[in-house]
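Peer 1: Attaching a single structure in structure tokens format; questions to follow.
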Amino acid sequence: MLRVDSTKPCQLIYAIARHEYLSYVIEPHIVQLNPNGEFSLTHQRLFSNTAKEFSTCLDDTDLKLVKILEEMEQGNLIKKFYKKPIRPFEFFTKIFNEQLFDTIRPKIEKRMAEALNLLADKPLYLMSKEGYPAEKKLQIATEAATVLFHFRRDEQEIRYFPTIKYQGMRIEFMFKNAEVICNHPAWMLLDDTLYYFEKEIEGKKLVPFLNKRYIAIPRSSEKSYFEKFVAPLIEKHHVYAEGFTINTEKYNAHPVLKPIYIEGGTSQLQLFFKYAGYVFSYGDERHISVRMENDGDDYTFHRIKRSVLWEKNKFQQLEQMGLKTASSLFKNLEVDLPDDDADRSFSIFEWINQHYEVLLEEGFEIEQPESSGQKRYVFGGTKIDLEVSENNDWFDINAIVYFGTYRIPFIQLKNHILNHKKEFVLPSGEIAVIPEKWFSQYGNLLHFTEGGNHLKLRRHHIGLVNDLFEGEMANVSMGRKLQRLTDFETLPEVDMPLNFNGHLRPYQKAGYNWFHFLKEYHFGGCLADDMGLGKTIQTLALLQKNKEDAEAAGGKCTSLAIMPTSLIYNWLAEAKKFAPQLRLMVHTGTFRYKSPEVFSNYDLVITTYGISRIDIELFKAYFFDYVILDESQNIKNPSSKSFQAVRQLKSKYKLILSGTPVENSVNDLWTQMSFINPGLLGIQQFFMNEFVTPIEKKKDEDKARKLQALIKPFVMRRTKEQVATELPPKTENLFYCQMSEEQSAVYEQVKSEYRNELLKSLDDGTFPKKQIQVLQGLIKLRQIANHPIMIDSEYEGDSGKFENVVHTLSNVLDGGHKVLIFSQFVRQLNIYREYFDTEDIPYVYLDGSTQNRGDVVKQFQEDPKTRVFLISIKAGGVGLNLTEADYVFILDPWWNPAVEQQAIDRTHRIGQTKNVFIYKFITKDSVEEKILALQQRKLSVARALITTEESFIKSLSVEDIKEILG
């Protein structure tokens, strides 16, 4: 066989060939032309890889065609269906069978149909049996032919045959050697023309009639023939009937929705369309649906024309309203919900209720089962009319629920909402579905309501009422005064007590006004200001005013304040400074009173959490005016003895103070809020389930907001940042610490040794020589005042100051602040380092031996996790810029106040934008307290002269030293 020479004239043609096993295929061939321009006998099959050589004969369509037709070439087909190498002859004789033909042929036809659509103006030929591609020239019909199927029914049989029309003329195709070369879609070769058909007819419907006039079906099997063959044919094609009727009918349709409840699953919606009496489900997209009617010997076929576009439009409307198809297979609809664990079994019912009015306007009908045994749901708008009015101690709640046309008192839904039951049976027996969001919106409200047929809400649940009001879920009427609880800024001004020394900053005055507002309504409150903002001062102002008001009315009142031991001296010191007329009694120690009568001689009884537990019988026998808990997070554990004790106390009013009411968990709130306003947060278990778990485990923003709304009226919290403008640049606080019993014993022993030594040296005149010894003794006492372990590594007891510092520090760190901790004793800093290491508190450290000062400072200034800086005073006195810190702890007082000032200036310098709080920790009844007193006396001298500890000691007279060791 000669190859075609691409340098000489040649032409690309397309040949329709009959393959021995695969039926008809199309192949591209290059044919060499003779000198006179006619086809020669030299030709070759063209493939993608050989097409480049003949590129002059090919355009883009040809390239596309070559690629398509290559896929139906036998070699390529065999590779697809048989993985091992095999010669075509062997494949077709040994492996190929009818089953494989049925698999392969549709794939060939898909490609043929693509090719035939591109071949319209290309040279097309019929291949000879011997394989010459240009045997006979063919043409493709210029328009689609139409087929009419005829049925003639008489007494004996039904005769069935098709007729074909082309360009309005009937063409004879029976007994004319016509060939169906492609089945789906049908292409028929007749004479030299290729015909194609409208309505995607299948070739196999024509094949029987190529050599047969008609098909006859006996009357005995006509019914099943009509149903299975004729009806589907009428749906898709033109049919002419004699002996039975075909009616083409057009009706206006309307859409029908049928909800399906799926227990434990996602409820669904079926969409149907009703055309007069005919119902079709959405999704089959047939333009015509046929229904057969058989009346005796008469058969009628109803051809109902469907408005497919309009149906699709209705479906899309539902999609736009938030529905999606349940699966690609079924066209049922479901609500497009986020993937959370919400109950989906009623989602479609809620959706219908939400969109009910719109659905009716758009002509949708909702259909439910007719049979008596099945549930019928009521559909329509759902809403609640809620009115809340203020009474003396209650809010009265008047609420009506509307389900469609039904009105139901809201109280009837109480158990449903509390137990999350969605189905509510109406008096008619129909079922209303309670909207999912009502469970969260009204759950708390109903949990806290009391009363039989009337809902009442205790007045301290004003937060719930405000929440309803703000969410515009209710119509609320309450007095202007009470509404102020939601807005602390506008509280009425209360006069300051006459005998209060000093003045309150504006935010402190607001706290004082708020205390009086709570008092007027008998609410308990929690003052949760940041540490250092003066919670004690605000409370003392209230107590002083209380005393003055009681005395003016001719009576008196006693309040009780409970606090950690470490705070007792601070309260005493602050009271002495700001409210010196308050009569205070400290109820601690071994020799404390054992009967309550004595309380009435005082304005304020101060005790500790520990003592309040032991003496609870004594305390609960007295009716106090105020019970105040300072650092109230001490009662955060509901099963603790402290909480069990304080909840038994009796008083007219209750207050708690805490910079950190929530230390570890939202659960910490429950005890504190239950103490000030019993019942506010429900029982412990309810609070855990309703708030703690969702907020902490699921980060539920909505629950957090609801809890906030409940407690907001009773918690006043100002952070340092919020009131920064009212604060001086720096505030100094003295913290007095009580020695522990073991510490006190060690201290007394060492003190008496030195005192005896001193008295002896004064007697025998050797005192001037012993000054150094005295200095050593004083230093030793100062160390014991901090922690006896500093002089005795075997010491196992605790230290009052250490407990105090650690407690205060944890409050500061909880508030997210940074702290500098100064001491002049490296040994003391080491005690804290050990503690931080065991507690996993990140810190940096600096003393005289630190080499990389720059790195240490950088870490503290820049790392948000490192919030504690331990510094020895000698190392930290110069060259440090620590503006990130806003708290300074000074662990031990210095002889020389100037050095202390230098330490404070590490943080309080240019670049510091925060207000700085300085806490000095002083051990009560120790040399530290005496030094402080001496400093005050000698301040002018100190400023002028004293620069070292030695010179300070030298400036002490024998009287001074005696006083220090007194």
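A note on labels: chains of the structure tokens are A, B, ... as shown, every chain counts residues from 1, and ligands are counted from 1 in their shown order.
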Excluding Glu114 of chain A and its own-chain neighbours fewer than 3 positions away, which residues fall within 12 Å of it when counting only C-alpha atoms? Please give them as a ChimeraX atom specification.
Peer 2: /A:26,61,64-69,71-72,107-111,117-120,182,184-185
Peer 1: Write down as a PyMOL selection string the residues of segment 599-671 of chain A whose backbone DSSP state falls under strand (DSSP E).
Peer 2: chain A and resi 604-608+623-630+650-657
Peer 1: Take the residues from that selection and put them in a file with C-alpha atoms, as a short mmCIF file (atom, residue, chain, number, x, y, z; two decimals), in the first residue's frame.
Peer 2:
data_model
loop_
_atom_site.label_atom_id
_atom_site.label_comp_id
_atom_site.auth_asym_id
_atom_site.auth_seq_id
_atom_site.Cartn_x
_atom_site.Cartn_y
_atom_site.Cartn_z
CA LEU A 604 -19.05 47.49 112.33
CA VAL A 605 -17.89 44.05 113.41
CA ILE A 606 -14.90 42.76 111.45
CA THR A 607 -14.06 39.09 111.29
CA THR A 608 -12.40 36.51 109.02
CA PHE A 623 -29.69 40.52 112.85
CA PHE A 624 -27.16 42.77 111.13
CA ASP A 625 -27.85 45.80 109.02
CA TYR A 626 -25.32 44.91 106.31
CA VAL A 627 -23.33 41.74 105.84
CA ILE A 628 -20.33 42.53 103.64
CA LEU A 629 -17.97 39.93 102.21
CA ASP A 630 -14.62 41.29 101.07
CA LYS A 650 -29.30 37.32 108.77
CA SER A 651 -29.21 40.93 107.63
CA LYS A 652 -31.24 43.66 106.06
CA TYR A 653 -28.78 44.16 103.18
CA LYS A 654 -25.93 42.28 101.60
CA LEU A 655 -22.86 43.40 99.68
CA ILE A 656 -19.87 41.60 98.29
CA LEU A 657 -16.57 43.10 97.15
#
Peer 1: For Leu680 of chain A, list every protein, DNA or RNA residue within 7 Å, evaluated using only C-alpha atoms, and leave out those in the same chain fewer than 5 positions away; present the list as an mmCIF file with N, CA and C atoms, in the first residue's frame.
Peer 2:
data_model
loop_
_atom_site.group_PDB
_atom_site.id
_atom_site.type_symbol
_atom_site.label_atom_id
_atom_site.label_comp_id
_atom_site.auth_asym_id
_atom_site.auth_seq_id
_atom_site.Cartn_x
_atom_site.Cartn_y
_atom_site.Cartn_z
ATOM 1 N N HIS A 460 -35.791 40.838 91.671
ATOM 2 C CA HIS A 460 -34.353 40.873 91.348
ATOM 3 C C HIS A 460 -34.050 40.265 89.975
ATOM 4 N N HIS A 461 -35.099 39.745 89.308
ATOM 5 C CA HIS A 461 -34.855 39.272 87.934
ATOM 6 C C HIS A 461 -35.096 40.367 86.910
ATOM 7 N N MET A 673 -23.518 35.259 93.799
ATOM 8 C CA MET A 673 -24.807 35.874 93.443
ATOM 9 C C MET A 673 -25.941 35.316 94.319
ATOM 10 N N SER A 674 -25.835 34.015 94.642
ATOM 11 C CA SER A 674 -26.879 33.417 95.488
ATOM 12 C C SER A 674 -26.823 33.994 96.892
#
Peer 1: Pull the alpha helix (DSSP H) assignments for segment 324-402 of chain A out of DSSP run on the backbone, and list those residues as a list in words.
Peer 2: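 DSSP on the backbone gives alpha helix (DSSP H) at Ser347, Ile348, Phe349, Glu350, Trp351, Ile352, Asn353, Gln354, Tyr356, Glu357, Val358, Leu359, Leu360 and Glu361 of chain A.
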Peer 1: To one decimal place, how far is atom CA of Val746 of chain A from atom CA of Val888 of chain A in Å?
Peer 2: 29.0 Å
Peer 1: Considering only C-alpha atoms, can you say which of A:Lys176, A:Lys858, A:Lys258, A:Lys706 comes closest to Gly443 of chain A?
Peer 2: A:Lys706
